[in-house]
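File shown here: my_file-v7.cif, holding mmCIF, C-alpha atoms.
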```
data_target
loop_
_atom_site.label_atom_id
_atom_site.label_comp_id
_atom_site.auth_asym_id
_atom_site.auth_seq_id
_atom_site.Cartn_x
_atom_site.Cartn_y
_atom_site.Cartn_z
CA MET R 1 0.00 0.00 0.00
CA GLY R 2 2.92 2.35 0.65
CA ILE R 3 4.15 2.20 -2.95
CA PHE R 4 0.59 2.77 -4.21
CA ALA R 5 0.19 5.81 -1.95
CA ALA R 6 3.50 7.33 -3.01
CA LEU R 7 2.79 6.78 -6.70
CA TRP R 8 -0.75 8.12 -6.35
CA GLY R 9 0.52 11.22 -4.58
CA ILE R 10 3.20 11.98 -7.16
CA THR R 11 1.14 11.09 -10.26
CA GLY R 12 -1.88 12.99 -8.94
CA ILE R 13 0.15 16.18 -8.65
CA MET R 14 1.89 15.52 -11.98
CA GLY R 15 -1.54 15.09 -13.54
CA LEU R 16 -2.66 18.40 -12.07
CA LEU R 17 0.40 20.21 -13.43
CA GLY R 18 0.16 18.43 -16.79
CA SER R 19 -3.52 19.29 -17.11
CA ALA R 20 -2.80 22.97 -16.46
CA ILE R 21 0.00 22.94 -19.05
CA TYR R 22 -2.30 21.26 -21.57
CA ARG R 23 -5.15 23.75 -20.99
CA LEU R 24 -3.00 26.92 -21.00
CA THR R 25 -0.67 26.16 -23.91
CA PRO R 26 -3.28 26.95 -26.63
CA TYR R 27 -3.73 30.46 -25.21
CA ALA R 28 0.01 31.00 -25.20
CA LEU R 29 0.34 29.69 -28.76
CA ASP R 30 -2.56 31.88 -29.88
CA LEU R 31 -0.16 34.82 -29.65
CA TYR R 32 0.98 33.88 -33.17
CA ASN R 33 -2.45 34.98 -34.42
CA HIS R 34 -2.09 38.50 -33.04
CA GLU R 35 -0.02 41.44 -34.12
CA LEU R 36 2.44 42.06 -31.30
CA PHE R 37 4.16 45.38 -30.74
CA TRP R 38 7.33 46.18 -28.80
CA HIS R 39 5.47 46.53 -25.50
CA HIS R 40 3.92 43.07 -25.96
CA TRP R 41 7.34 41.53 -26.63
CA THR R 42 8.78 43.33 -23.62
CA ALA R 43 5.94 42.00 -21.45
CA ILE R 44 6.51 38.46 -22.79
CA LEU R 45 10.23 38.57 -22.01
CA ILE R 46 9.74 40.00 -18.54
CA ASN R 47 6.93 37.56 -17.76
CA VAL R 48 8.82 34.49 -19.02
CA PHE R 49 11.92 35.32 -16.99
CA PHE R 50 9.93 36.33 -13.92
CA MET R 51 7.69 33.24 -13.95
CA GLY R 52 10.61 30.94 -14.73
CA TYR R 53 12.48 32.30 -11.73
CA ALA R 54 9.65 32.96 -9.26
CA GLU R 55 7.30 30.08 -10.06
CA GLY R 56 9.63 27.52 -11.61
CA TYR R 57 12.87 27.89 -9.70
CA ARG R 58 11.93 29.44 -6.35
CA GLY R 59 8.41 28.07 -5.99
CA PHE R 60 8.63 24.61 -7.49
CA GLN R 61 12.30 23.61 -7.50
CA LYS R 62 13.34 25.08 -4.16
CA ARG R 63 10.19 24.60 -2.09
CA PHE R 64 7.23 22.63 -3.43
CA CYS R 65 8.85 19.69 -5.25
CA PRO R 66 11.36 18.64 -2.56
CA ARG R 67 8.58 18.69 0.05
CA VAL R 68 6.18 16.72 -2.18
CA ALA R 69 8.84 14.08 -2.88
CA ALA R 70 9.73 13.85 0.82
CA ARG R 71 6.08 13.45 1.80
CA ALA R 72 5.58 10.79 -0.92
CA LEU R 73 8.62 8.96 0.45
CA TYR R 74 7.09 9.20 3.92
CA LEU R 75 3.87 7.67 2.54
CA ARG R 76 5.82 4.79 1.04
CA ASN R 77 7.54 4.08 4.34
CA ASN R 78 4.50 4.74 6.59
CA PRO R 79 1.36 3.55 4.78
CA ASN R 80 -1.99 4.63 6.16
CA LEU R 81 -5.39 4.10 4.50
CA ILE R 82 -6.63 7.72 4.75
CA HIS R 83 -3.25 9.18 3.74
CA SER R 84 -3.08 6.73 0.83
CA LEU R 85 -6.53 7.59 -0.50
CA LEU R 86 -5.86 11.33 -0.21
CA ALA R 87 -2.19 11.08 -1.19
CA PRO R 88 -2.05 14.07 -3.58
CA PHE R 89 -3.57 16.31 -0.88
CA PHE R 90 -1.24 14.80 1.73
CA CYS R 91 1.77 15.44 -0.52
CA MET R 92 0.65 19.05 -1.05
CA SER R 93 0.61 19.53 2.76
CA PHE R 94 -3.13 20.13 3.09
CA PHE R 95 -3.17 17.95 6.21
CA CYS R 96 -0.75 16.24 8.61
CA ALA R 97 1.61 19.20 8.29
CA PRO R 98 2.64 21.99 10.66
CA LEU R 99 -0.05 24.66 10.97
CA ARG R 100 2.07 27.25 9.18
CA GLN R 101 2.57 24.93 6.20
CA LYS R 102 -1.14 24.02 6.02
CA ILE R 103 -2.11 27.70 6.05
CA LEU R 104 0.48 28.45 3.37
CA SER R 105 -0.66 25.55 1.15
CA ILE R 106 -4.33 26.43 1.43
CA SER R 107 -3.67 30.16 0.95
CA LEU R 108 -1.52 29.57 -2.13
CA THR R 109 -4.13 27.27 -3.65
CA THR R 110 -6.89 29.80 -2.98
CA GLY R 111 -4.77 32.62 -4.41
CA ILE R 112 -3.97 30.61 -7.53
CA ILE R 113 -7.67 29.87 -8.08
CA CYS R 114 -8.48 33.59 -7.76
CA LEU R 115 -5.72 34.47 -10.24
CA ILE R 116 -7.03 31.87 -12.68
CA VAL R 117 -10.48 33.49 -12.57
CA LEU R 118 -9.01 36.97 -13.11
CA ILE R 119 -6.67 35.91 -15.92
CA ARG R 120 -9.50 34.15 -17.78
CA MET R 121 -11.21 37.53 -18.11
CA GLN R 122 -8.23 39.12 -19.87
CA PRO R 123 -8.41 39.61 -23.63
CA GLN R 124 -5.75 38.36 -26.01
CA PRO R 125 -2.86 39.06 -26.38
CA TRP R 126 -2.57 39.79 -22.65
CA ARG R 127 -4.00 36.45 -21.57
CA GLY R 128 -1.52 34.66 -23.81
CA ILE R 129 1.34 36.80 -22.50
CA ILE R 130 0.47 35.83 -18.94
CA ASP R 131 -0.17 32.19 -19.83
CA ILE R 132 3.15 31.72 -21.64
CA GLY R 133 4.98 32.61 -18.42
CA VAL R 134 2.74 30.35 -16.38
CA VAL R 135 3.32 27.45 -18.78
CA ILE R 136 7.10 27.93 -18.50
CA GLY R 137 6.84 27.83 -14.70
CA LEU R 138 4.57 24.78 -14.74
CA ILE R 139 6.85 22.86 -17.10
CA TRP R 140 9.77 23.70 -14.85
CA GLY R 141 7.74 22.46 -11.88
CA LEU R 142 6.75 19.23 -13.61
CA VAL R 143 10.36 18.45 -14.54
CA ALA R 144 11.54 19.35 -11.03
CA LEU R 145 8.88 17.12 -9.49
CA MET R 146 9.98 14.18 -11.65
CA ALA R 147 13.64 14.78 -10.73
CA PHE R 148 13.01 15.11 -6.98
CA SER R 149 10.69 12.10 -6.99
CA TYR R 150 13.31 10.00 -8.74
CA LYS R 151 15.96 11.20 -6.29
CA ALA R 152 13.73 10.51 -3.28
CA PHE R 153 13.11 6.91 -4.27
CA THR R 154 16.59 6.04 -5.53
CA ASP R 155 19.00 8.05 -3.39
CA GLU R 156 19.61 6.91 0.17
CA THR R 157 20.78 10.40 1.12
CA PHE R 158 17.57 12.25 0.20
CA SER R 159 17.47 14.66 3.12
CA TYR R 160 14.60 17.04 2.49
CA PRO R 161 12.16 17.37 5.39
CA ALA R 162 8.65 15.98 4.90
CA GLY R 163 7.19 18.27 7.57
CA ILE R 164 4.89 15.64 9.04
CA LYS R 165 2.85 16.52 12.09
#
```
Would you encode the structure as structure tokens?
Amino acid sequence: MGIFAALWGITGIMGLLGSAIYRLTPYALDLYNHELFWHHWTAILINVFFMGYAEGYRGFQKRFCPRVAARALYLRNNPNLIHSLLAPFFCMSFFCAPLRQKILSISLTTGIICLIVLIRMQPQPWRGIIDIGVVIGLIWGLVALMAFSYKAFTDETFSYPAGIK
């Protein structure tokens, strides 16, 4: 059951990220159908670099992905029926985590949902400009999650804290 829980946790989150990439990419690619001026190109460059750094590197690679992999490893080593069934939520620190981490996880998720609603209301090319940066960050996060998950399950020295409470 531990292997099932760990795989369910990791693949559930990978599916969430993959689904977002799949749904947002057409809006980013739709930029080819619009005439873009210098200020659009400037916004694209700034957004791609900002989202790559802030979302991809700092958010996913440095914080989210190591914790998810560590919590999935914990699930593998400490199977529990409820944790196994809700493994993606467990791995995202929605429960069985320190209070500060639970508040942060729930707040970030709520904030992301609000941003999604606001960004959907933006006309092209601005929606595509925003979405191209988001897609870059999500791809970075997906790759980082695969790398940290592989490291967690193959490297005996994986030392990232799971933050279990």
If I take atom CA of Ser105 of chain R and atom CA of Cys65 of chain R, how far is one from the other in Å, to one decimal?
12.9 Å
Starting from the PyMOL selection byres ((chain R and resi 125) around 10), expand the selection into actual residues of this file and give them as a compact mmCIF listing (two decimals) with C-alpha atoms, in the frame of the given file.
```txt
# COMPACT_ATOMS: atom_id res chain seq x y z
CA TYR R 27 -3.73 30.46 -25.21
CA ALA R 28 0.01 31.00 -25.20
CA ASP R 30 -2.56 31.88 -29.88
CA LEU R 31 -0.16 34.82 -29.65
CA TYR R 32 0.98 33.88 -33.17
CA ASN R 33 -2.45 34.98 -34.42
CA HIS R 34 -2.09 38.50 -33.04
CA GLU R 35 -0.02 41.44 -34.12
CA LEU R 36 2.44 42.06 -31.30
CA HIS R 40 3.92 43.07 -25.96
CA GLN R 122 -8.23 39.12 -19.87
CA PRO R 123 -8.41 39.61 -23.63
CA GLN R 124 -5.75 38.36 -26.01
CA TRP R 126 -2.57 39.79 -22.65
CA ARG R 127 -4.00 36.45 -21.57
CA GLY R 128 -1.52 34.66 -23.81
CA ILE R 129 1.34 36.80 -22.50
CA ILE R 130 0.47 35.83 -18.94
CA ASP R 131 -0.17 32.19 -19.83
```
Residues returned when the PyMOL selection byres ((chain R and resi 48-58) around 8) runs on this file, as a VMD selection string
chain R and resid 44 to 47 59 to 63 132 to 134 136 to 141
What's around segment 9-17 of chain R at 10 Å? Count all atoms listed in the file, leave out sequence neighbours fewer than 2 positions away in its own chain, and write the answer as an NGL selection string.
:R and (3-7 or 19-22 or 65 or 68-69 or 71-73 or 75 or 83-92 or 135 or 138-139 or 141-143 or 145-146 or 149)
Atom CA of Ile119 of chain R to atom CA of Pro26 of chain R, distance in Å rounded to a single decimal:
14.4 Å
Answer key for the PyMOL selection byres ((chain R and resi 98) around 8), residues as a PyMOL selection string
chain R and resi 96-97+99-102+163-165
Output C-alpha atoms for every residue in that selection, as an mmCIF file, keeping the file's coordinate frame.
```cif
data_model
loop_
_atom_site.group_PDB
_atom_site.id
_atom_site.type_symbol
_atom_site.label_atom_id
_atom_site.label_comp_id
_atom_site.auth_asym_id
_atom_site.auth_seq_id
_atom_site.Cartn_x
_atom_site.Cartn_y
_atom_site.Cartn_z
ATOM 1 C CA CYS R 96 -0.750 16.240 8.610
ATOM 2 C CA ALA R 97 1.610 19.200 8.290
ATOM 3 C CA LEU R 99 -0.050 24.660 10.970
ATOM 4 C CA ARG R 100 2.070 27.250 9.180
ATOM 5 C CA GLN R 101 2.570 24.930 6.200
ATOM 6 C CA LYS R 102 -1.140 24.020 6.020
ATOM 7 C CA GLY R 163 7.190 18.270 7.570
ATOM 8 C CA ILE R 164 4.890 15.640 9.040
ATOM 9 C CA LYS R 165 2.850 16.520 12.090
#
```
In Å, with one decimal, what is the gap from atom CA of Gly2 of chain R to atom CA of Pro79 of chain R?
4.6 Å
Padding of 3 Å on every side, edges along x, y and z, all listed atoms of segment 130-149 of chain R included: what centre and edge lengths in Å, to one decimal, does that box have, as lines of an AutoDock Vina configuration file?
```
center_x = 6.7
center_y = 24.0
center_z = -14.3
size_x = 19.8
size_y = 29.7
size_z = 20.7
```
Which is closer to Met1 of chain R than all the others in R:Phe94, R:Asn78, R:Pro161, R:Pro66, using all atoms listed in the file?
R:Asn78
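Of the residues under consideration (R:Thr25, R:Asn77, R:Ser93, R:Ser159), R:Ser93 shows the shortest atom-to-atom contact distance to Ser107 of chain R when counting all atoms listed in the file.
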Using all atoms listed in the file, which of R:Leu81, R:Ile116, R:Ala144, R:Ala152 sits nearest Arg23 of chain R?
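Among R:Leu81, R:Ile116, R:Ala144, R:Ala152, it is R:Ile116 that comes nearest to Arg23 of chain R.
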Please write a file for segment 48-75 of chain R, taken from the block I just shared, that holds N, CA and C atoms and is laid out as a PDB file, in the first residue's frame.
```pdb
ATOM      1  N   VAL R  48       8.182  35.805 -18.916  1.00  0.00           N
ATOM      2  CA  VAL R  48       8.820  34.488 -19.018  1.00  0.00           C
ATOM      3  C   VAL R  48       9.966  34.372 -18.017  1.00  0.00           C
ATOM      4  N   PHE R  49      10.808  35.380 -17.945  1.00  0.00           N
ATOM      5  CA  PHE R  49      11.921  35.321 -16.989  1.00  0.00           C
ATOM      6  C   PHE R  49      11.433  35.371 -15.550  1.00  0.00           C
ATOM      7  N   PHE R  50      10.458  36.229 -15.277  1.00  0.00           N
ATOM      8  CA  PHE R  50       9.933  36.330 -13.916  1.00  0.00           C
ATOM      9  C   PHE R  50       9.275  35.024 -13.480  1.00  0.00           C
ATOM     10  N   MET R  51       8.404  34.472 -14.326  1.00  0.00           N
ATOM     11  CA  MET R  51       7.694  33.237 -13.952  1.00  0.00           C
ATOM     12  C   MET R  51       8.647  32.041 -13.903  1.00  0.00           C
ATOM     13  N   GLY R  52       9.615  32.001 -14.796  1.00  0.00           N
ATOM     14  CA  GLY R  52      10.607  30.937 -14.730  1.00  0.00           C
ATOM     15  C   GLY R  52      11.347  30.969 -13.412  1.00  0.00           C
ATOM     16  N   TYR R  53      11.745  32.175 -12.987  1.00  0.00           N
ATOM     17  CA  TYR R  53      12.478  32.303 -11.728  1.00  0.00           C
ATOM     18  C   TYR R  53      11.562  32.146 -10.514  1.00  0.00           C
ATOM     19  N   ALA R  54      10.500  32.935 -10.453  1.00  0.00           N
ATOM     20  CA  ALA R  54       9.647  32.964  -9.261  1.00  0.00           C
ATOM     21  C   ALA R  54       8.832  31.684  -9.097  1.00  0.00           C
ATOM     22  N   GLU R  55       8.158  31.262 -10.154  1.00  0.00           N
ATOM     23  CA  GLU R  55       7.300  30.080 -10.060  1.00  0.00           C
ATOM     24  C   GLU R  55       8.108  28.803 -10.231  1.00  0.00           C
ATOM     25  N   GLY R  56       8.901  28.745 -11.303  1.00  0.00           N
ATOM     26  CA  GLY R  56       9.631  27.523 -11.606  1.00  0.00           C
ATOM     27  C   GLY R  56      10.747  27.224 -10.630  1.00  0.00           C
ATOM     28  N   TYR R  57      11.701  28.134 -10.529  1.00  0.00           N
ATOM     29  CA  TYR R  57      12.874  27.885  -9.695  1.00  0.00           C
ATOM     30  C   TYR R  57      12.583  28.018  -8.204  1.00  0.00           C
ATOM     31  N   ARG R  58      12.125  29.205  -7.794  1.00  0.00           N
ATOM     32  CA  ARG R  58      11.929  29.438  -6.352  1.00  0.00           C
ATOM     33  C   ARG R  58      10.737  28.689  -5.785  1.00  0.00           C
ATOM     34  N   GLY R  59       9.618  28.711  -6.504  1.00  0.00           N
ATOM     35  CA  GLY R  59       8.415  28.070  -5.992  1.00  0.00           C
ATOM     36  C   GLY R  59       8.450  26.561  -6.091  1.00  0.00           C
ATOM     37  N   PHE R  60       8.666  26.055  -7.295  1.00  0.00           N
ATOM     38  CA  PHE R  60       8.631  24.609  -7.493  1.00  0.00           C
ATOM     39  C   PHE R  60       9.934  23.930  -7.083  1.00  0.00           C
ATOM     40  N   GLN R  61      11.055  24.337  -7.699  1.00  0.00           N
ATOM     41  CA  GLN R  61      12.305  23.608  -7.500  1.00  0.00           C
ATOM     42  C   GLN R  61      12.851  23.736  -6.085  1.00  0.00           C
ATOM     43  N   LYS R  62      12.752  24.878  -5.483  1.00  0.00           N
ATOM     44  CA  LYS R  62      13.341  25.085  -4.158  1.00  0.00           C
ATOM     45  C   LYS R  62      12.406  24.737  -3.005  1.00  0.00           C
ATOM     46  N   ARG R  63      11.102  24.799  -3.215  1.00  0.00           N
ATOM     47  CA  ARG R  63      10.187  24.601  -2.088  1.00  0.00           C
ATOM     48  C   ARG R  63       9.213  23.452  -2.294  1.00  0.00           C
ATOM     49  N   PHE R  64       8.347  23.564  -3.278  1.00  0.00           N
ATOM     50  CA  PHE R  64       7.234  22.630  -3.430  1.00  0.00           C
ATOM     51  C   PHE R  64       7.689  21.204  -3.754  1.00  0.00           C
ATOM     52  N   CYS R  65       8.489  21.039  -4.780  1.00  0.00           N
ATOM     53  CA  CYS R  65       8.848  19.692  -5.252  1.00  0.00           C
ATOM     54  C   CYS R  65       9.658  18.875  -4.248  1.00  0.00           C
ATOM     55  N   PRO R  66      10.658  19.453  -3.574  1.00  0.00           N
ATOM     56  CA  PRO R  66      11.359  18.643  -2.561  1.00  0.00           C
ATOM     57  C   PRO R  66      10.423  18.180  -1.441  1.00  0.00           C
ATOM     58  N   ARG R  67       9.515  19.052  -1.022  1.00  0.00           N
ATOM     59  CA  ARG R  67       8.582  18.689   0.048  1.00  0.00           C
ATOM     60  C   ARG R  67       7.606  17.610  -0.424  1.00  0.00           C
ATOM     61  N   VAL R  68       7.102  17.731  -1.644  1.00  0.00           N
ATOM     62  CA  VAL R  68       6.183  16.723  -2.179  1.00  0.00           C
ATOM     63  C   VAL R  68       6.882  15.366  -2.254  1.00  0.00           C
ATOM     64  N   ALA R  69       8.101  15.343  -2.770  1.00  0.00           N
ATOM     65  CA  ALA R  69       8.842  14.081  -2.879  1.00  0.00           C
ATOM     66  C   ALA R  69       9.122  13.495  -1.498  1.00  0.00           C
ATOM     67  N   ALA R  70       9.470  14.335  -0.537  1.00  0.00           N
ATOM     68  CA  ALA R  70       9.735  13.853   0.821  1.00  0.00           C
ATOM     69  C   ALA R  70       8.460  13.297   1.462  1.00  0.00           C
ATOM     70  N   ARG R  71       7.341  13.946   1.229  1.00  0.00           N
ATOM     71  CA  ARG R  71       6.077  13.453   1.795  1.00  0.00           C
ATOM     72  C   ARG R  71       5.625  12.172   1.095  1.00  0.00           C
ATOM     73  N   ALA R  72       5.895  12.038  -0.206  1.00  0.00           N
ATOM     74  CA  ALA R  72       5.584  10.792  -0.915  1.00  0.00           C
ATOM     75  C   ALA R  72       6.465   9.660  -0.385  1.00  0.00           C
ATOM     76  N   LEU R  73       7.720   9.960  -0.133  1.00  0.00           N
ATOM     77  CA  LEU R  73       8.617   8.958   0.448  1.00  0.00           C
ATOM     78  C   LEU R  73       8.132   8.544   1.837  1.00  0.00           C
ATOM     79  N   TYR R  74       7.667   9.511   2.607  1.00  0.00           N
ATOM     80  CA  TYR R  74       7.094   9.201   3.919  1.00  0.00           C
ATOM     81  C   TYR R  74       5.889   8.267   3.763  1.00  0.00           C
ATOM     82  N   LEU R  75       5.036   8.534   2.784  1.00  0.00           N
ATOM     83  CA  LEU R  75       3.873   7.667   2.538  1.00  0.00           C
ATOM     84  C   LEU R  75       4.301   6.241   2.198  1.00  0.00           C
TER      85      LEU R  75
END
```
